$ cat coords37.cif   # mmCIF, C-alpha atoms and all ligand atoms
data_protein
#
loop_
_atom_site.label_atom_id
_atom_site.label_comp_id
_atom_site.auth_asym_id
_atom_site.auth_seq_id
_atom_site.Cartn_x
_atom_site.Cartn_y
_atom_site.Cartn_z
CA MET O 278 8.38 13.04 -10.91
CA GLU O 279 9.46 9.83 -9.20
CA ALA O 280 7.50 6.59 -8.94
CA LEU O 281 8.24 3.66 -6.67
CA ILE O 282 6.78 0.25 -7.50
CA VAL O 283 6.96 -2.20 -4.63
CA TYR O 284 6.52 -5.59 -6.22
CA ALA O 285 5.94 -8.83 -4.33
CA HIS O 286 5.81 -12.09 -6.29
CA PRO O 287 8.16 -15.07 -5.98
CA GLU O 288 8.00 -16.06 -9.69
CA PRO O 289 9.85 -13.85 -12.21
CA LYS O 290 7.61 -15.14 -15.08
CA SER O 291 4.36 -14.49 -13.20
CA PHE O 292 1.54 -12.30 -14.41
CA ASN O 293 2.40 -9.91 -11.60
CA ALA O 294 5.89 -9.64 -13.08
CA ALA O 295 4.36 -8.80 -16.47
CA MET O 296 2.26 -6.08 -14.84
CA LYS O 297 5.28 -4.67 -13.05
CA GLU O 298 7.28 -4.62 -16.29
CA ARG O 299 4.43 -2.99 -18.21
CA ALA O 300 4.13 -0.32 -15.52
CA VAL O 301 7.84 0.45 -15.71
CA GLU O 302 7.67 0.84 -19.52
CA VAL O 303 4.54 3.00 -19.49
CA LEU O 304 5.61 5.25 -16.64
CA ILE O 305 9.06 5.82 -18.15
CA SER O 306 7.42 6.66 -21.49
CA GLU O 307 5.33 9.21 -19.59
CA GLY O 308 8.43 10.87 -18.16
CA TRP O 309 8.53 9.28 -14.71
CA ALA O 310 11.75 8.22 -13.04
CA VAL O 311 10.87 4.72 -11.87
CA THR O 312 12.37 2.66 -9.05
CA VAL O 313 11.29 -0.93 -8.38
CA SER O 314 11.68 -2.72 -5.08
CA ASP O 315 11.46 -6.38 -6.09
CA LEU O 316 11.04 -7.78 -2.60
CA TYR O 317 11.62 -11.49 -3.34
CA ALA O 318 14.62 -10.79 -5.58
CA MET O 319 16.04 -8.59 -2.83
CA GLY O 320 15.44 -11.31 -0.25
CA PHE O 321 13.68 -8.65 1.77
CA LYS O 322 13.36 -9.65 5.42
CA ALA O 323 9.68 -9.78 6.30
CA GLN O 324 9.87 -10.06 10.05
CA ALA O 325 10.07 -7.01 12.27
CA ASP O 326 12.47 -7.63 15.17
CA GLY O 327 15.28 -6.18 17.25
CA ASP O 328 17.84 -6.63 14.45
CA ASP O 329 16.13 -3.74 12.67
CA PHE O 330 17.95 -1.21 14.90
CA SER O 331 21.63 -0.42 15.25
CA ARG O 332 21.25 0.74 18.86
CA ARG O 333 18.27 -0.05 21.03
CA SER O 334 16.91 2.47 23.53
CA ASP O 335 15.80 -0.52 25.63
CA PRO O 336 17.90 -3.67 25.03
CA ASP O 337 15.86 -5.63 27.58
CA TYR O 338 12.36 -5.34 26.17
CA LEU O 339 11.48 -4.75 22.52
CA LYS O 340 8.79 -2.17 21.91
CA TYR O 341 9.01 -2.05 18.15
CA ALA O 342 7.37 1.34 17.48
CA ALA O 343 9.30 2.96 20.35
CA GLU O 344 12.56 1.65 18.86
CA GLN O 345 11.52 2.99 15.46
CA THR O 346 10.97 6.41 17.02
CA HIS O 347 14.36 6.17 18.74
CA ALA O 348 16.07 5.08 15.52
CA ALA O 349 14.52 8.04 13.70
CA THR O 350 16.59 10.40 15.85
CA THR O 351 19.78 8.28 15.84
CA ALA O 352 22.39 8.44 13.07
CA ASP O 353 22.06 5.23 11.02
CA GLY O 354 19.58 4.01 13.61
CA PHE O 355 17.72 1.70 11.22
CA ALA O 356 19.10 -1.43 9.57
CA PRO O 357 20.52 -0.67 6.08
CA ASP O 358 17.66 -2.37 4.18
CA ILE O 359 15.07 -0.23 5.99
CA ARG O 360 17.11 2.93 5.39
CA ALA O 361 17.35 2.15 1.68
CA GLU O 362 13.58 1.60 1.36
CA LEU O 363 12.80 4.73 3.36
CA GLU O 364 14.98 6.80 1.04
CA LYS O 365 13.15 5.45 -2.01
CA LEU O 366 9.77 6.01 -0.42
CA ILE O 367 10.51 9.56 0.70
CA ARG O 368 11.65 10.45 -2.85
CA ALA O 369 8.55 8.98 -4.50
CA ASP O 370 5.63 11.15 -5.65
CA LEU O 371 3.75 8.01 -6.65
CA LEU O 372 3.71 4.64 -4.89
CA ILE O 373 2.31 1.50 -6.55
CA LEU O 374 2.03 -1.73 -4.59
CA GLN O 375 1.95 -4.66 -7.05
CA PHE O 376 1.00 -8.03 -5.57
CA PRO O 377 -1.14 -11.16 -5.85
CA VAL O 378 -3.95 -11.23 -3.31
CA TRP O 379 -3.13 -13.91 -0.79
CA TRP O 380 -5.65 -14.59 1.91
CA PHE O 381 -7.53 -11.39 1.17
CA GLY O 382 -4.49 -9.22 1.65
CA PHE O 383 -0.75 -8.83 1.05
CA PRO O 384 1.75 -11.66 0.71
CA ALA O 385 3.66 -11.72 4.00
CA ILE O 386 6.80 -10.23 2.45
CA LEU O 387 4.89 -7.08 1.47
CA LYS O 388 3.20 -6.82 4.85
CA GLY O 389 6.68 -7.12 6.36
CA TRP O 390 7.89 -4.29 4.13
CA VAL O 391 5.07 -2.11 5.47
CA ASP O 392 5.72 -3.12 9.10
CA ARG O 393 9.42 -2.35 8.89
CA VAL O 394 9.58 0.59 6.48
CA PHE O 395 6.53 2.64 7.42
CA ALA O 396 8.37 3.65 10.55
CA ALA O 397 7.01 5.52 13.55
CA GLY O 398 8.87 8.76 14.14
CA VAL O 399 9.69 9.04 10.45
CA LEU O 400 6.41 8.64 8.60
CA TYR O 401 3.90 9.04 11.46
CA GLY O 402 3.82 9.71 15.19
CA GLY O 403 6.30 11.66 17.29
CA GLY O 404 4.95 14.95 15.93
CA VAL O 405 4.41 13.67 12.38
CA GLY O 406 0.72 13.84 11.46
CA MET O 407 -1.59 11.13 10.26
CA PHE O 408 -4.47 10.71 7.81
CA SER O 409 -5.36 14.07 6.20
CA ARG O 410 -2.38 15.62 8.01
CA GLY O 411 -0.10 12.71 7.12
CA ARG O 412 3.49 12.90 5.98
CA PHE O 413 2.67 12.02 2.37
CA LYS O 414 -0.15 14.52 1.87
CA GLY O 415 -0.16 15.59 -1.76
CA ARG O 416 1.40 12.36 -3.02
CA ARG O 417 -0.43 9.52 -4.70
CA ALA O 418 -0.50 5.80 -4.02
CA PHE O 419 -2.58 2.86 -5.14
CA LEU O 420 -2.88 -0.92 -5.15
CA SER O 421 -2.45 -3.04 -8.25
CA PHE O 422 -3.30 -6.65 -7.54
CA THR O 423 -4.16 -9.92 -9.19
CA THR O 424 -6.82 -12.20 -7.75
CA GLY O 425 -7.99 -15.76 -8.03
CA GLY O 426 -11.57 -14.53 -7.77
CA THR O 427 -13.37 -12.53 -10.46
CA ALA O 428 -14.46 -8.90 -10.08
CA ALA O 429 -18.03 -10.17 -9.57
CA THR O 430 -16.88 -12.41 -6.72
CA TYR O 431 -15.44 -9.23 -5.17
CA GLY O 432 -18.68 -7.30 -5.79
CA PRO O 433 -21.26 -6.33 -3.18
CA THR O 434 -23.31 -9.47 -3.90
CA GLY O 435 -20.27 -11.71 -4.47
CA LEU O 436 -19.01 -14.58 -2.38
CA TYR O 437 -15.89 -12.71 -1.22
CA GLY O 438 -17.68 -9.42 -0.59
CA SER O 439 -16.95 -5.99 -1.95
CA ALA O 440 -13.29 -5.31 -2.74
CA ASP O 441 -13.77 -1.84 -1.25
CA VAL O 442 -14.44 -3.56 2.07
CA VAL O 443 -11.79 -6.27 1.67
CA PHE O 444 -9.08 -3.69 0.97
CA TRP O 445 -10.28 -1.03 3.41
CA PRO O 446 -7.61 -1.98 5.98
CA ILE O 447 -4.86 -1.39 3.43
CA GLN O 448 -6.33 1.58 1.59
CA ASN O 449 -7.42 3.40 4.74
CA GLY O 450 -5.29 1.90 7.49
CA ILE O 451 -1.99 2.08 5.62
CA LEU O 452 -2.09 4.43 2.60
CA ASN O 453 -4.63 7.00 3.80
CA PHE O 454 -3.12 6.81 7.29
CA LEU O 455 0.16 8.11 5.87
CA GLY O 456 -1.64 10.95 4.09
CA TYR O 457 -1.49 9.65 0.53
CA SER O 458 -4.21 10.51 -1.96
CA VAL O 459 -5.32 6.95 -2.63
CA LEU O 460 -6.22 6.33 -6.27
CA PRO O 461 -8.67 3.53 -7.10
CA TYR O 462 -7.12 0.08 -7.06
CA PHE O 463 -6.53 -1.88 -10.26
CA GLN O 464 -7.75 -5.48 -10.11
CA ALA O 465 -6.34 -7.95 -12.61
CA GLU O 466 -9.11 -10.49 -12.49
CA ALA O 467 -8.18 -14.17 -12.29
CA PRO O 468 -5.27 -14.14 -14.79
CA SER O 469 -4.58 -17.83 -14.19
CA LYS O 470 -8.16 -18.74 -15.17
CA THR O 471 -8.22 -16.85 -18.45
CA ASP O 472 -6.50 -17.44 -21.81
CA ASP O 473 -3.70 -15.51 -23.49
CA ALA O 474 -6.15 -13.15 -25.20
CA GLY O 475 -7.85 -12.40 -21.88
CA ARG O 476 -4.51 -11.74 -20.23
CA ALA O 477 -3.46 -9.44 -23.08
CA GLU O 478 -6.69 -7.50 -22.52
CA ILE O 479 -5.88 -7.12 -18.83
CA LEU O 480 -2.43 -5.75 -19.68
CA THR O 481 -3.98 -3.29 -22.15
CA ALA O 482 -6.45 -2.13 -19.48
CA TRP O 483 -3.55 -1.79 -17.04
CA GLU O 484 -1.66 0.34 -19.55
CA SER O 485 -4.74 2.57 -20.03
CA ARG O 486 -5.04 2.96 -16.30
CA LEU O 487 -1.41 4.04 -16.02
CA LEU O 488 -1.91 6.56 -18.81
CA SER O 489 -4.92 8.10 -17.07
CA LEU O 490 -3.53 8.62 -13.58
CA ASP O 491 -3.98 12.39 -13.74
CA THR O 492 -7.69 12.07 -14.51
CA LEU O 493 -8.49 9.74 -11.61
CA GLU O 494 -10.34 11.01 -8.56
CA PRO O 495 -8.76 9.80 -5.32
CA LEU O 496 -10.91 7.73 -2.99
CA ASP O 497 -13.05 9.72 -0.61
CA PHE O 498 -12.00 9.43 3.03
CA HIS O 499 -13.14 11.54 5.94
CA ASP O 500 -10.88 14.44 6.83
CA LEU O 501 -9.33 14.32 10.29
CA GLU O 502 -11.40 17.45 11.03
CA ASP O 503 -14.53 15.26 10.97
CA PHE O 504 -13.41 13.53 14.19
CA ASP O 505 -13.36 14.68 17.80
CA GLN O 506 -10.15 13.62 19.54
CA GLN O 507 -11.68 14.28 22.97
CA ALA O 508 -14.45 11.86 22.11
CA GLY O 509 -12.00 9.08 21.23
CA TRP O 510 -11.61 10.10 17.59
CA THR O 511 -15.26 9.58 16.76
CA PHE O 512 -17.39 11.67 14.44
CA LYS O 513 -18.17 15.20 15.52
CA PRO O 514 -21.91 15.80 15.86
CA GLY O 515 -23.56 16.20 12.49
CA VAL O 516 -20.93 14.34 10.48
CA VAL O 517 -22.52 11.73 8.26
CA GLY O 518 -20.35 8.70 7.55
CA ARG O 519 -19.78 8.04 3.89
CA THR O 520 -17.13 5.31 3.62
CA VAL O 521 -17.61 1.56 3.46
CA ALA O 522 -16.49 1.27 7.07
CA GLN O 523 -17.94 4.39 8.62
CA SER O 524 -21.47 4.66 7.27
CA SER O 525 -22.94 3.08 10.41
CA GLY O 526 -20.89 5.44 12.58
CA ALA O 527 -23.17 8.25 11.52
CA LYS O 528 -26.11 6.59 13.24
CA ALA O 529 -24.13 6.07 16.44
CA SER O 530 -23.22 9.77 16.72
CA GLU O 531 -26.68 11.10 15.92
P1 LIG R 1 0.41 -16.53 -12.54
O1 LIG R 1 -0.11 -17.85 -12.16
O2 LIG R 1 1.85 -16.22 -12.35
O3 LIG R 1 0.07 -16.18 -14.05
C1 LIG R 1 -1.15 -16.53 -14.65
C2 LIG R 1 -0.86 -16.83 -16.11
O4 LIG R 1 -0.38 -15.64 -16.77
C3 LIG R 1 0.25 -17.89 -16.31
O5 LIG R 1 -0.22 -18.83 -17.25
C4 LIG R 1 1.41 -17.10 -16.87
O6 LIG R 1 2.24 -17.85 -17.72
C5 LIG R 1 0.67 -16.01 -17.64
N1 LIG R 1 1.49 -14.85 -17.99
C6 LIG R 1 2.63 -14.42 -17.40
N2 LIG R 1 3.10 -13.34 -18.07
C7 LIG R 1 2.24 -13.08 -19.07
C8 LIG R 1 2.17 -12.10 -20.09
N3 LIG R 1 3.11 -11.15 -20.23
N4 LIG R 1 1.14 -12.13 -20.95
C9 LIG R 1 0.18 -13.07 -20.85
N5 LIG R 1 0.19 -14.05 -19.92
C10 LIG R 1 1.21 -14.05 -19.04
N6 LIG R 1 -7.14 -15.31 -4.63
C11 LIG R 1 -8.16 -14.52 -4.16
O7 LIG R 1 -8.94 -13.99 -4.96
N7 LIG R 1 -8.31 -14.27 -2.82
C12 LIG R 1 -7.46 -14.82 -1.90
O8 LIG R 1 -7.62 -14.54 -0.71
C13 LIG R 1 -6.39 -15.64 -2.37
N8 LIG R 1 -5.51 -16.19 -1.50
C14 LIG R 1 -4.43 -16.89 -1.96
C15 LIG R 1 -3.49 -17.33 -1.05
C16 LIG R 1 -2.36 -17.99 -1.50
C17 LIG R 1 -1.31 -18.42 -0.51
C18 LIG R 1 -2.19 -18.25 -2.89
C19 LIG R 1 -0.98 -18.97 -3.39
C20 LIG R 1 -3.13 -17.80 -3.80
C21 LIG R 1 -4.25 -17.11 -3.35
N9 LIG R 1 -5.20 -16.60 -4.24
C22 LIG R 1 -6.26 -15.86 -3.77
C23 LIG R 1 -5.03 -16.72 -5.71
C24 LIG R 1 -4.02 -15.69 -6.22
O9 LIG R 1 -4.46 -14.37 -5.92
C25 LIG R 1 -3.82 -15.81 -7.72
O10 LIG R 1 -3.32 -17.10 -7.98
C26 LIG R 1 -2.84 -14.78 -8.26
O11 LIG R 1 -3.35 -13.49 -8.03
C27 LIG R 1 -2.61 -14.94 -9.75
O12 LIG R 1 -1.60 -14.03 -10.16
P2 LIG R 1 -0.13 -14.56 -10.52
O13 LIG R 1 0.73 -13.40 -10.92
O14 LIG R 1 0.39 -15.42 -9.43
O15 LIG R 1 -0.50 -15.43 -11.79
#
$ encode --input "coords37.cif" --output "structure tokens" --more "lines below"
Ligand code: FAD
Amino acid sequence: MEALIVYAHPEPKSFNAAMKERAVEVLISEGWAVTVSDLYAMGFKAQADGDDFSRRSDPDYLKYAAEQTHAATTADGFAPDIRAELEKLIRADLLILQFPVWWFGFPAILKGWVDRVFAAGVLYGGGVGMFSRGRFKGRRAFLSFTTGGTAATYGPTGLYGSADVVFWPIQNGILNFLGYSVLPYFQAEAPSKTDDAGRAEILTAWESRLLSLDTLEPLDFHDLEDFDQQAGWTFKPGVVGRTVAQSSGAKASE
């Protein structure tokens, strides 16, 4: 079983680095083959642009997803760094994204990794399915992040709002979109505002989480079968929305 940890933090002595290192140790001890993409150390290019393709289908006007689809059917069509990441990703049974929450989402370098590596024509589109028919159906992925805010701040009555809502775009729009079974996220709460003992506790909880992956229920998303393509991919009659983003949709279709 292969695991890929995509790790995005600019400081090698950060708490995120400690979490990444603990994950490598624990997963290897559990028999996983582990690969780490350390995006800052790699100097990973965050911006998606025309240099990402060896030969463009349209050199005059860049349509990024169309060029991805073209590159997917061209020998060595993608830039070498994208090809290398795609190979790692396609091998991985488990994907962990390890990052500090910046502006309620990914650091730009990790968003750039998603933009460039989750390529149309390879991982979705052009005959490759999406969501419950996605390319990575049967594989697992989850988010492991540190925050400045506490878990309560990210609760339903908290200032930042529920983490399930904050991370819906990533958990649904990226991981579930590609077909992954999305395991619950792990939040390392405010490591810079706690003491050494508190941080040690977080790392112990992280270790326990990694040791219990097989017992975790994936998040519940609607199956593609719940939607009517002819009706603009909206709920079929009778489907009751049950996610943080789609509960009100049920009322609209009734
Ligand atoms: P660090 O500051 O690297 O580490 C914290 C402490 O842990 C340090 O004292 C370090 O020495 C110590 N440490 C390192 N290794 C170990 C170890 N092995 N054992 C024990 N201690 C160790 N927060 C939000 O909640 N929402 C936001 O939208 C948000 N936006 C942000 C935007 C930006 C641009 C920035 C810079 C920050 C933002 N933050 C936000 C805060 C950010 O999420 C936190 O600062 C970050 O998650 C803390 O994690 P870190 O790895 O950077 O911690």
$ residues_around --input "coords37.cif" --residues "O:Val443" --least-positions-apart "2" --cutoff "12 Å" --atoms "only C-alpha atoms" --output "VMD selection string"
chain O and resid 378 to 383 430 to 433 435 to 441 445 to 450 462 521 to 522
$ closest_residue --input "coords37.cif" --among "O:Ala310, O:Ala474, O:Leu452, O:Leu371" --to "ligand LIG 1 (chain R)" --atoms "all atoms listed in the file"
O:Ala474
$ closest_atom_pairs --input "coords37.cif" --of "chain O" --to "ligand LIG 1 (chain R)" --cutoff "10 Å" --atoms "all atoms listed in the file" --output "JSON lines"
{"residue": "O:Ala285", "atom": "CA", "partner": "R:LIG1", "partner_atom": "O13", "distance": 9.6}
{"residue": "O:His286", "atom": "CA", "partner": "R:LIG1", "partner_atom": "O13", "distance": 7.0}
{"residue": "O:Pro287", "atom": "CA", "partner": "R:LIG1", "partner_atom": "O14", "distance": 8.5}
{"residue": "O:Glu288", "atom": "CA", "partner": "R:LIG1", "partner_atom": "O2", "distance": 6.7}
{"residue": "O:Pro289", "atom": "CA", "partner": "R:LIG1", "partner_atom": "O2", "distance": 8.3}
{"residue": "O:Lys290", "atom": "CA", "partner": "R:LIG1", "partner_atom": "C6", "distance": 5.5}
{"residue": "O:Ser291", "atom": "CA", "partner": "R:LIG1", "partner_atom": "O2", "distance": 3.2}
{"residue": "O:Phe292", "atom": "CA", "partner": "R:LIG1", "partner_atom": "O13", "distance": 3.7}
{"residue": "O:Asn293", "atom": "CA", "partner": "R:LIG1", "partner_atom": "O13", "distance": 3.9}
{"residue": "O:Ala294", "atom": "CA", "partner": "R:LIG1", "partner_atom": "O13", "distance": 6.7}
{"residue": "O:Ala295", "atom": "CA", "partner": "R:LIG1", "partner_atom": "N3", "distance": 4.6}
{"residue": "O:Met296", "atom": "CA", "partner": "R:LIG1", "partner_atom": "N3", "distance": 7.4}
{"residue": "O:Lys297", "atom": "CA", "partner": "R:LIG1", "partner_atom": "N3", "distance": 9.9}
{"residue": "O:Glu298", "atom": "CA", "partner": "R:LIG1", "partner_atom": "N3", "distance": 8.7}
{"residue": "O:Arg299", "atom": "CA", "partner": "R:LIG1", "partner_atom": "N3", "distance": 8.5}
{"residue": "O:Gln375", "atom": "CA", "partner": "R:LIG1", "partner_atom": "O13", "distance": 9.6}
{"residue": "O:Phe376", "atom": "CA", "partner": "R:LIG1", "partner_atom": "O11", "distance": 7.4}
{"residue": "O:Pro377", "atom": "CA", "partner": "R:LIG1", "partner_atom": "O11", "distance": 3.9}
{"residue": "O:Val378", "atom": "CA", "partner": "R:LIG1", "partner_atom": "O9", "distance": 4.1}
{"residue": "O:Trp379", "atom": "CA", "partner": "R:LIG1", "partner_atom": "N8", "distance": 3.4}
{"residue": "O:Trp380", "atom": "CA", "partner": "R:LIG1", "partner_atom": "O8", "distance": 3.3}
{"residue": "O:Phe381", "atom": "CA", "partner": "R:LIG1", "partner_atom": "O8", "distance": 3.7}
{"residue": "O:Gly382", "atom": "CA", "partner": "R:LIG1", "partner_atom": "O8", "distance": 6.6}
{"residue": "O:Phe383", "atom": "CA", "partner": "R:LIG1", "partner_atom": "O8", "distance": 9.1}
{"residue": "O:Pro384", "atom": "CA", "partner": "R:LIG1", "partner_atom": "C17", "distance": 7.5}
{"residue": "O:Ala385", "atom": "CA", "partner": "R:LIG1", "partner_atom": "C17", "distance": 9.5}
{"residue": "O:Phe422", "atom": "CA", "partner": "R:LIG1", "partner_atom": "O11", "distance": 6.9}
{"residue": "O:Thr423", "atom": "CA", "partner": "R:LIG1", "partner_atom": "O11", "distance": 3.8}
{"residue": "O:Thr424", "atom": "CA", "partner": "R:LIG1", "partner_atom": "O9", "distance": 3.7}
{"residue": "O:Gly425", "atom": "CA", "partner": "R:LIG1", "partner_atom": "N6", "distance": 3.5}
{"residue": "O:Gly426", "atom": "CA", "partner": "R:LIG1", "partner_atom": "O7", "distance": 3.9}
{"residue": "O:Thr427", "atom": "CA", "partner": "R:LIG1", "partner_atom": "O7", "distance": 7.2}
{"residue": "O:Ala428", "atom": "CA", "partner": "R:LIG1", "partner_atom": "O7", "distance": 9.1}
{"residue": "O:Thr430", "atom": "CA", "partner": "R:LIG1", "partner_atom": "O7", "distance": 8.3}
{"residue": "O:Tyr431", "atom": "CA", "partner": "R:LIG1", "partner_atom": "O7", "distance": 8.1}
{"residue": "O:Tyr437", "atom": "CA", "partner": "R:LIG1", "partner_atom": "N7", "distance": 7.9}
{"residue": "O:Ala440", "atom": "CA", "partner": "R:LIG1", "partner_atom": "O7", "distance": 10.0}
{"residue": "O:Val443", "atom": "CA", "partner": "R:LIG1", "partner_atom": "O8", "distance": 9.6}
{"residue": "O:Gln464", "atom": "CA", "partner": "R:LIG1", "partner_atom": "O11", "distance": 9.4}
{"residue": "O:Ala465", "atom": "CA", "partner": "R:LIG1", "partner_atom": "O11", "distance": 7.8}
{"residue": "O:Glu466", "atom": "CA", "partner": "R:LIG1", "partner_atom": "O11", "distance": 7.9}
{"residue": "O:Ala467", "atom": "CA", "partner": "R:LIG1", "partner_atom": "C27", "distance": 6.2}
{"residue": "O:Pro468", "atom": "CA", "partner": "R:LIG1", "partner_atom": "C1", "distance": 4.8}
{"residue": "O:Ser469", "atom": "CA", "partner": "R:LIG1", "partner_atom": "C1", "distance": 3.7}
{"residue": "O:Lys470", "atom": "CA", "partner": "R:LIG1", "partner_atom": "C1", "distance": 7.4}
{"residue": "O:Thr471", "atom": "CA", "partner": "R:LIG1", "partner_atom": "C2", "distance": 7.7}
{"residue": "O:Asp472", "atom": "CA", "partner": "R:LIG1", "partner_atom": "N5", "distance": 7.7}
{"residue": "O:Asp473", "atom": "CA", "partner": "R:LIG1", "partner_atom": "C9", "distance": 5.3}
{"residue": "O:Ala474", "atom": "CA", "partner": "R:LIG1", "partner_atom": "C9", "distance": 7.7}
{"residue": "O:Gly475", "atom": "CA", "partner": "R:LIG1", "partner_atom": "C9", "distance": 8.1}
{"residue": "O:Arg476", "atom": "CA", "partner": "R:LIG1", "partner_atom": "C9", "distance": 4.9}
{"residue": "O:Ala477", "atom": "CA", "partner": "R:LIG1", "partner_atom": "C9", "distance": 5.6}
{"residue": "O:Glu478", "atom": "CA", "partner": "R:LIG1", "partner_atom": "C9", "distance": 9.0}
{"residue": "O:Ile479", "atom": "CA", "partner": "R:LIG1", "partner_atom": "C9", "distance": 8.7}
{"residue": "O:Leu480", "atom": "CA", "partner": "R:LIG1", "partner_atom": "N4", "distance": 7.4}
$ write_last_selection --input "coords37.cif" --atoms "C-alpha atoms" --output "PDB file, in the frame of the given file"
ATOM      1  CA  ALA O 285       5.940  -8.830  -4.330  1.00  0.00           C
ATOM      2  CA  HIS O 286       5.810 -12.090  -6.290  1.00  0.00           C
ATOM      3  CA  PRO O 287       8.160 -15.070  -5.980  1.00  0.00           C
ATOM      4  CA  GLU O 288       8.000 -16.060  -9.690  1.00  0.00           C
ATOM      5  CA  PRO O 289       9.850 -13.850 -12.210  1.00  0.00           C
ATOM      6  CA  LYS O 290       7.610 -15.140 -15.080  1.00  0.00           C
ATOM      7  CA  SER O 291       4.360 -14.490 -13.200  1.00  0.00           C
ATOM      8  CA  PHE O 292       1.540 -12.300 -14.410  1.00  0.00           C
ATOM      9  CA  ASN O 293       2.400  -9.910 -11.600  1.00  0.00           C
ATOM     10  CA  ALA O 294       5.890  -9.640 -13.080  1.00  0.00           C
ATOM     11  CA  ALA O 295       4.360  -8.800 -16.470  1.00  0.00           C
ATOM     12  CA  MET O 296       2.260  -6.080 -14.840  1.00  0.00           C
ATOM     13  CA  LYS O 297       5.280  -4.670 -13.050  1.00  0.00           C
ATOM     14  CA  GLU O 298       7.280  -4.620 -16.290  1.00  0.00           C
ATOM     15  CA  ARG O 299       4.430  -2.990 -18.210  1.00  0.00           C
ATOM     16  CA  GLN O 375       1.950  -4.660  -7.050  1.00  0.00           C
ATOM     17  CA  PHE O 376       1.000  -8.030  -5.570  1.00  0.00           C
ATOM     18  CA  PRO O 377      -1.140 -11.160  -5.850  1.00  0.00           C
ATOM     19  CA  VAL O 378      -3.950 -11.230  -3.310  1.00  0.00           C
ATOM     20  CA  TRP O 379      -3.130 -13.910  -0.790  1.00  0.00           C
ATOM     21  CA  TRP O 380      -5.650 -14.590   1.910  1.00  0.00           C
ATOM     22  CA  PHE O 381      -7.530 -11.390   1.170  1.00  0.00           C
ATOM     23  CA  GLY O 382      -4.490  -9.220   1.650  1.00  0.00           C
ATOM     24  CA  PHE O 383      -0.750  -8.830   1.050  1.00  0.00           C
ATOM     25  CA  PRO O 384       1.750 -11.660   0.710  1.00  0.00           C
ATOM     26  CA  ALA O 385       3.660 -11.720   4.000  1.00  0.00           C
ATOM     27  CA  PHE O 422      -3.300  -6.650  -7.540  1.00  0.00           C
ATOM     28  CA  THR O 423      -4.160  -9.920  -9.190  1.00  0.00           C
ATOM     29  CA  THR O 424      -6.820 -12.200  -7.750  1.00  0.00           C
ATOM     30  CA  GLY O 425      -7.990 -15.760  -8.030  1.00  0.00           C
ATOM     31  CA  GLY O 426     -11.570 -14.530  -7.770  1.00  0.00           C
ATOM     32  CA  THR O 427     -13.370 -12.530 -10.460  1.00  0.00           C
ATOM     33  CA  ALA O 428     -14.460  -8.900 -10.080  1.00  0.00           C
ATOM     34  CA  THR O 430     -16.880 -12.410  -6.720  1.00  0.00           C
ATOM     35  CA  TYR O 431     -15.440  -9.230  -5.170  1.00  0.00           C
ATOM     36  CA  TYR O 437     -15.890 -12.710  -1.220  1.00  0.00           C
ATOM     37  CA  ALA O 440     -13.290  -5.310  -2.740  1.00  0.00           C
ATOM     38  CA  VAL O 443     -11.790  -6.270   1.670  1.00  0.00           C
ATOM     39  CA  GLN O 464      -7.750  -5.480 -10.110  1.00  0.00           C
ATOM     40  CA  ALA O 465      -6.340  -7.950 -12.610  1.00  0.00           C
ATOM     41  CA  GLU O 466      -9.110 -10.490 -12.490  1.00  0.00           C
ATOM     42  CA  ALA O 467      -8.180 -14.170 -12.290  1.00  0.00           C
ATOM     43  CA  PRO O 468      -5.270 -14.140 -14.790  1.00  0.00           C
ATOM     44  CA  SER O 469      -4.580 -17.830 -14.190  1.00  0.00           C
ATOM     45  CA  LYS O 470      -8.160 -18.740 -15.170  1.00  0.00           C
ATOM     46  CA  THR O 471      -8.220 -16.850 -18.450  1.00  0.00           C
ATOM     47  CA  ASP O 472      -6.500 -17.440 -21.810  1.00  0.00           C
ATOM     48  CA  ASP O 473      -3.700 -15.510 -23.490  1.00  0.00           C
ATOM     49  CA  ALA O 474      -6.150 -13.150 -25.200  1.00  0.00           C
ATOM     50  CA  GLY O 475      -7.850 -12.400 -21.880  1.00  0.00           C
ATOM     51  CA  ARG O 476      -4.510 -11.740 -20.230  1.00  0.00           C
ATOM     52  CA  ALA O 477      -3.460  -9.440 -23.080  1.00  0.00           C
ATOM     53  CA  GLU O 478      -6.690  -7.500 -22.520  1.00  0.00           C
ATOM     54  CA  ILE O 479      -5.880  -7.120 -18.830  1.00  0.00           C
ATOM     55  CA  LEU O 480      -2.430  -5.750 -19.680  1.00  0.00           C
TER      56      LEU O 480
END
$ residues_around --input "coords37.cif" --residues "O:Gly398" --least-positions-apart "2" --cutoff "8 Å" --atoms "all atoms listed in the file" --output "JSON, numbers by chain"
{"O": [345, 346, 347, 349, 396, 400, 401, 402, 403, 404, 405]}
$ closest_residue --input "coords37.cif" --among "O:Ala325, O:Leu487, O:Pro495, O:Leu339" --to "O:Ala280" --atoms "all atoms listed in the file"
O:Leu487
$ closest_residue --input "coords37.cif" --among "O:Leu387, O:Val311, O:Leu316, O:Ile359" --to "O:Ser331" --atoms "only C-alpha atoms"
O:Ile359
$ closest_atom_pairs --input "coords37.cif" --of "stretch 321-409 of chain O" --to "stretch 498-515 of chain O" --cutoff "10 Å" --atoms "all atoms listed in the file" --output "tab-separated table"
residue	atom	partner	partner_atom	distance
O:Met407	CA	O:Leu501	CA	8.4
O:Phe408	CA	O:Leu501	CA	6.5
O:Ser409	CA	O:Asp500	CA	5.6
$ residues_around --input "coords37.cif" --residues "O:Glu494" --least-positions-apart "6" --cutoff "9 Å" --atoms "all atoms listed in the file" --output "PDB file with C-alpha atoms, in the coordinates of the input"
ATOM      1  CA  VAL O 459      -5.320   6.950  -2.630  1.00  0.00           C
ATOM      2  CA  LEU O 460      -6.220   6.330  -6.270  1.00  0.00           C
ATOM      3  CA  PRO O 461      -8.670   3.530  -7.100  1.00  0.00           C
TER       4      PRO O 461
END
